[in-house]
Amino acid sequence: MPNYLCMQRSLPIEDAEKPSPTQMQEMYAKFSAWQEKFKDNIVDMGGKLGAGKLVTPESASDGPFVEVKELVGGYMIVSAKNLDEATTVARELPGLVGPGSGVEVIEIHTP
Amino acid sequence: MTAPGLVEHFFRHEYGKLVATLSRRVGVRNIEAIEDAVQSALMAALESWKVTGLPDNAPAWLFRVAHNNLMGDLRKRSGRRRILEQNEEADMEPPYNDPEVFLAGEVRDDLLRMLFVCCDEAIPVESQLVLALKTLCGFSVREIAHRLFTSEANVYKRLARARGRLRKLSPRLGELSGEQYASRLPAVHKILYLLFTEGYLSSHAETAIRRELCNEAIWLGTILAEHPAGQVPETFALLALMHLHAARLTARQDGSGGLLLLEEQNRDLWDYQEIRVGLEWLARSAEGDVFSRFHAEAGIAAEHCLAPTFAETRWDKVVENYALLEQVAPSALHMLNRAVAVAELQCPDAGLAVLEGFEPPTWLASSYLWAAVLADLHQRCGNTETAEGYRDVAIKSAPTTAVKELLQRRLRSTD
């Protein structure tokens with residue numbers, strides 16, 4: 001099965017309210033249920049993306065990354081039969097697809 | 001939905017524990033920075049544990065992160081050196097510099113200390129309650145507003161008053177003396193009682209929400225009863241009454257959320273484990289020669305719990321306890337309750353006789369309770385016209401639909 005790179009893209013929301021501890025526990029529970037359901041699909045839980053540099057023959061600069069940093073929240077890698085299945089896995093991830101955020105699902109071609 | 005590996009309310013209760021522990025260590029006047037640091041730590045946990053799974057010692061993990069957040073923040077705010085000077089004692093002790101050392105036993109003491117900090121006489125009671133719900137129970141402003149039937153703006157206002165007071169406490173004043181523990185104990189009892197009744201008497205449609213507040217009060221009450229500062233008969237009586245009331249909480253509603261009268265309740269639905277625990281606390285409360293309002297109220301609750309049927313209730317004991325309650329905590333409401341019990345013990349006329357010539361205070365006269373009791377007693381005495389008048393007032397002033405329906409049923413069905 002091919003692997004897919006899932007990149008979380010978020011659009012900045014103004015004044016997003018911080019979740020309460022109760023809501024956090026619910027989020028954790030939902031997330032755990034998701035992990036259990038798709039455990040065969042999850043290759044790498046990935047993580048959040050931090051600061052970076054763009055390295056070119058001339059220099060290493062913060063360049064375009066500044067822009068990208070705002071948009072890409074995190075990544076993970078899932079395996080799936082096809083793009084549709086990979087999309088389903090990503091769509092069901094709690095809190096990932098919602099107002100102001102979405103996931104880019106890209107197939108990774110391996111020779 | 002439950003999270004695997006985590007107890008119910010883990011995040012919420014860890015919030016309270018961390019706020020309490022960090023407040024002791026850096027001083028409660030930093031309460032805002034402390035709450036921010038704890039909130040961020042929980043968020044970090046959520047992100048991190050998703051990927052790595054739960055750490056072996058989740059509370060210690062949270063403590064380390066919250067502690068680091070807080071130190072970073074305080075350093076930024078006023079400079080590390082000044083913080084060290086202000087909190088020399090607490091800050092320089094070896095355990096403090098080693099966040100790995102995080103003792104579970106200390107945490108209960110910290111929670112209790114924070115409860116007494118909340119019950120500062122310079123903070124109005126309604127602000128004390130909100131402060132306790134926020135800092136100890138880990139509810140958000142929106143959740144508190146939802147539970148107390150008030151606006152978020154109002155909760156913010158009450159919190160601001162409380163925090164304003166805490167900010168003014170000098171580092172030294174932050175530490176409570178033995179006398180302060182003793183002098184604030186009645187206020188602590190009051191807050192726990194209030195927290196419980198907010199849940200128990202609330203007209204909130206969701207039982208689960210009401211139950212939650214009751215459980216928080218019992219949780220904090222139990223911590224109080226296990227600590228030397230709180231081991232007095234009043235604390236035990238308070239716990240007794242909370243358990244005995246909680247035992248009947250579920251049975252108070254029918255399947256569709258409507259309220260049920262005591263005589264309509266299915267006694268099989270009562271939680272007999274809760275009753276047993278309540279009676280144990282009641283037995284412990286009998287030591288010494290103190291008789292508090294909690295003793296009287298627990299005594300009444302116990303009589304109801306122990307009666308096999310409504311008719312078999314020992315109304316003489318109930319009347320006796322209401323009379324005692326009126327002595328230790330004079331209130332027109334208690335007198336009204338005694339009248340109801342007397343009506344059951346003797347006859348409706350005797351109940352009315354209790355209230356004969358009594359002018360109810362405005363708050364009671366305008367409440368549905370007063371009108372409903374008079375309507376009921378007059379109806380049972382055959383004073384149909386008087387009963388009708390009170391009945392209309394009662395139904396008109398019913399605070400919720402559930403109460404209105406209950407009154408319509410009750411005041412119609414009796415002849």
# chains A, B, ... in the order shown; residues from 1 in each chain; ligands from 1
>>> closest_atom_pairs(of="chain B", to="chain A", cutoff="9 Å", atoms="only C-alpha atoms", output="CSV")
residue,atom,partner,partner_atom,distance
B:Met1,CA,A:Ala29,CA,6.4
B:Thr2,CA,A:Ala29,CA,5.7
B:Ala3,CA,A:Ala29,CA,3.9
B:Pro4,CA,A:Ala29,CA,7.0
B:Leu6,CA,A:Gln25,CA,8.7
B:Glu8,CA,A:Gln25,CA,8.6
B:His9,CA,A:Thr22,CA,6.7
B:Phe10,CA,A:Gln25,CA,7.3
B:Phe11,CA,A:Pro21,CA,5.0
B:Arg12,CA,A:Pro21,CA,4.8
B:His13,CA,A:Pro21,CA,8.4
B:Glu14,CA,A:Pro21,CA,8.7
B:Tyr15,CA,A:Pro21,CA,7.2
B:Gln39,CA,A:Pro21,CA,7.8
B:Leu42,CA,A:Pro21,CA,7.4
B:Met43,CA,A:Met24,CA,7.5
B:Leu46,CA,A:Tyr28,CA,6.5
B:Glu47,CA,A:Gly47,CA,8.3
B:Ser48,CA,A:Gly47,CA,8.3
B:Trp49,CA,A:Tyr28,CA,8.5
B:Lys50,CA,A:Phe31,CA,7.2
B:Val51,CA,A:Met45,CA,5.6
B:Thr52,CA,A:Met45,CA,8.5
B:Gly138,CA,A:Pro21,CA,6.5
B:Phe139,CA,A:Ser20,CA,6.8
B:Ser140,CA,A:Ser20,CA,5.4
B:Val141,CA,A:Ser20,CA,8.8
B:Arg142,CA,A:Ser20,CA,8.9
B:Glu143,CA,A:Ser20,CA,8.4
>>> write_last_selection(atoms="C-alpha atoms", output="CSV table (one decimal), in the first residue's frame")
chain,number,residue,atom,x,y,z
B,1,MET,CA,-16.4,8.9,25.9
B,2,THR,CA,-13.6,7.9,28.1
B,3,ALA,CA,-9.9,8.3,27.2
B,4,PRO,CA,-7.9,5.1,27.6
B,6,LEU,CA,-7.0,8.3,32.0
B,8,GLU,CA,-12.6,10.5,34.5
B,9,HIS,CA,-12.0,14.3,34.8
B,10,PHE,CA,-8.2,13.7,34.7
B,11,PHE,CA,-7.4,16.9,32.9
B,12,ARG,CA,-9.8,19.0,35.0
B,13,HIS,CA,-8.6,17.6,38.3
B,14,GLU,CA,-4.9,17.8,37.3
B,15,TYR,CA,-5.6,21.5,36.5
B,39,GLN,CA,-3.4,25.6,30.7
B,42,LEU,CA,-2.3,20.6,29.4
B,43,MET,CA,-2.4,21.7,25.8
B,46,LEU,CA,-2.6,16.8,24.5
B,47,GLU,CA,-0.3,17.4,21.5
B,48,SER,CA,2.5,15.3,22.8
B,49,TRP,CA,0.6,12.3,24.1
B,50,LYS,CA,-1.3,12.0,20.9
B,51,VAL,CA,2.0,11.1,19.3
B,52,THR,CA,3.9,9.3,22.1
B,138,GLY,CA,-10.7,23.3,36.6
B,139,PHE,CA,-14.0,24.5,35.0
B,140,SER,CA,-13.7,27.1,32.3
B,141,VAL,CA,-15.6,30.4,32.6
B,142,ARG,CA,-18.2,29.2,30.1
B,143,GLU,CA,-18.7,25.9,32.0
>>> atom_distance(atom1="atom CA of Leu279 of chain B", atom2="atom CA of Arg113 of chain B")
27.6 Å
>>> select_by_dssp(residues="segment 117-216 of chain B", states="helix (DSSP H, G or I)", output="ChimeraX atom specification")
/B:117-118,125-135,141-148,152-168,178-200,207-216
>>> residues_around(residues="Ala301 of chain B", least_positions_apart="4", cutoff="10 Å", atoms="only C-alpha atoms", output="PyMOL selection string")
chain B and resi 240-245+247-248+275+278-279+295-297+305-306+318+321
>>> residues_around(residues="Leu148 of chain B", least_positions_apart="6", cutoff="9 Å", atoms="only C-alpha atoms", output="ChimeraX atom specification")
/B:198-199,202
>>> write_last_selection(atoms="C-alpha atoms", output="PDB file, in the first residue's frame")
ATOM      1  CA  GLU B 198     -25.907  24.518  43.368  1.00  0.00           C
ATOM      2  CA  GLY B 199     -25.822  21.041  41.926  1.00  0.00           C
ATOM      3  CA  SER B 202     -30.342  23.374  40.418  1.00  0.00           C
TER       4      SER B 202
END
>>> residues_around(residues="Thr386 of chain B", least_positions_apart="3", cutoff="12 Å", atoms="only C-alpha atoms", output="PyMOL selection string")
chain B and resi 371-372+374-383+389-393
>>> residues_around(residues="Ile223 of chain B", least_positions_apart="3", cutoff="9 Å", atoms="only C-alpha atoms", output="PDB file with C-alpha atoms, in the first residue's frame")
ATOM      1  CA  ARG B 108      -3.756  16.895  48.781  1.00  0.00           C
ATOM      2  CA  ASP B 109      -2.343  19.380  51.273  1.00  0.00           C
ATOM      3  CA  LEU B 111      -5.488  21.422  47.294  1.00  0.00           C
ATOM      4  CA  LEU B 112      -6.767  21.927  50.802  1.00  0.00           C
ATOM      5  CA  ILE B 218     -17.996  15.619  47.981  1.00  0.00           C
ATOM      6  CA  TRP B 219     -14.469  15.279  46.551  1.00  0.00           C
ATOM      7  CA  LEU B 220     -13.277  18.487  48.254  1.00  0.00           C
ATOM      8  CA  GLU B 226      -8.855  13.752  55.897  1.00  0.00           C
ATOM      9  CA  HIS B 227      -6.826  16.796  56.929  1.00  0.00           C
ATOM     10  CA  GLY B 230     -10.852  19.989  58.753  1.00  0.00           C
TER      11      GLY B 230
END
>>> residues_around(residues="segment 80-86 of chain A", least_positions_apart="4", cutoff="7 Å", atoms="only C-alpha atoms", output="PyMOL selection string")
chain A and resi 1-4+41+90
>>> write_last_selection(atoms="N, CA and C atoms", output="PDB file, in the first residue's frame")
ATOM      1  N   MET A   1       0.847  -1.209   0.000  1.00  0.00           N
ATOM      2  CA  MET A   1       0.000   0.000   0.000  1.00  0.00           C
ATOM      3  C   MET A   1       0.876   1.250   0.000  1.00  0.00           C
ATOM      4  N   PRO A   2       0.538   2.213  -0.813  1.00  0.00           N
ATOM      5  CA  PRO A   2       1.333   3.444  -0.840  1.00  0.00           C
ATOM      6  C   PRO A   2       1.141   4.268   0.440  1.00  0.00           C
ATOM      7  N   ASN A   3       2.138   5.079   0.705  1.00  0.00           N
ATOM      8  CA  ASN A   3       2.051   5.993   1.839  1.00  0.00           C
ATOM      9  C   ASN A   3       1.589   7.369   1.379  1.00  0.00           C
ATOM     10  N   TYR A   4       0.976   8.056   2.317  1.00  0.00           N
ATOM     11  CA  TYR A   4       0.494   9.408   2.003  1.00  0.00           C
ATOM     12  C   TYR A   4       0.976  10.376   3.065  1.00  0.00           C
ATOM     13  N   ASN A  41      -3.423   1.873   9.468  1.00  0.00           N
ATOM     14  CA  ASN A  41      -3.085   2.871   8.452  1.00  0.00           C
ATOM     15  C   ASN A  41      -1.972   3.827   8.891  1.00  0.00           C
ATOM     16  N   ALA A  90      -7.796  10.786   7.100  1.00  0.00           N
ATOM     17  CA  ALA A  90      -7.508  12.160   7.526  1.00  0.00           C
ATOM     18  C   ALA A  90      -8.777  12.901   7.941  1.00  0.00           C
TER      19      ALA A  90
END
>>> atom_distance(atom1="atom CA of Leu369 of chain B", atom2="atom CA of Gln346 of chain B")
21.0 Å
>>> atom_distance(atom1="atom CA of Ile144 of chain B", atom2="atom CA of Cys214 of chain B")
13.8 Å
>>> closest_residue(among="B:Asp110, B:Val373, B:Arg210, B:Phe358", to="Val340 of chain B", atoms="only C-alpha atoms")
B:Val373
>>> closest_residue(among="B:Gly164, B:Pro59, B:Pro348, B:Pro399", to="Ser366 of chain B", atoms="only C-alpha atoms")
B:Pro399
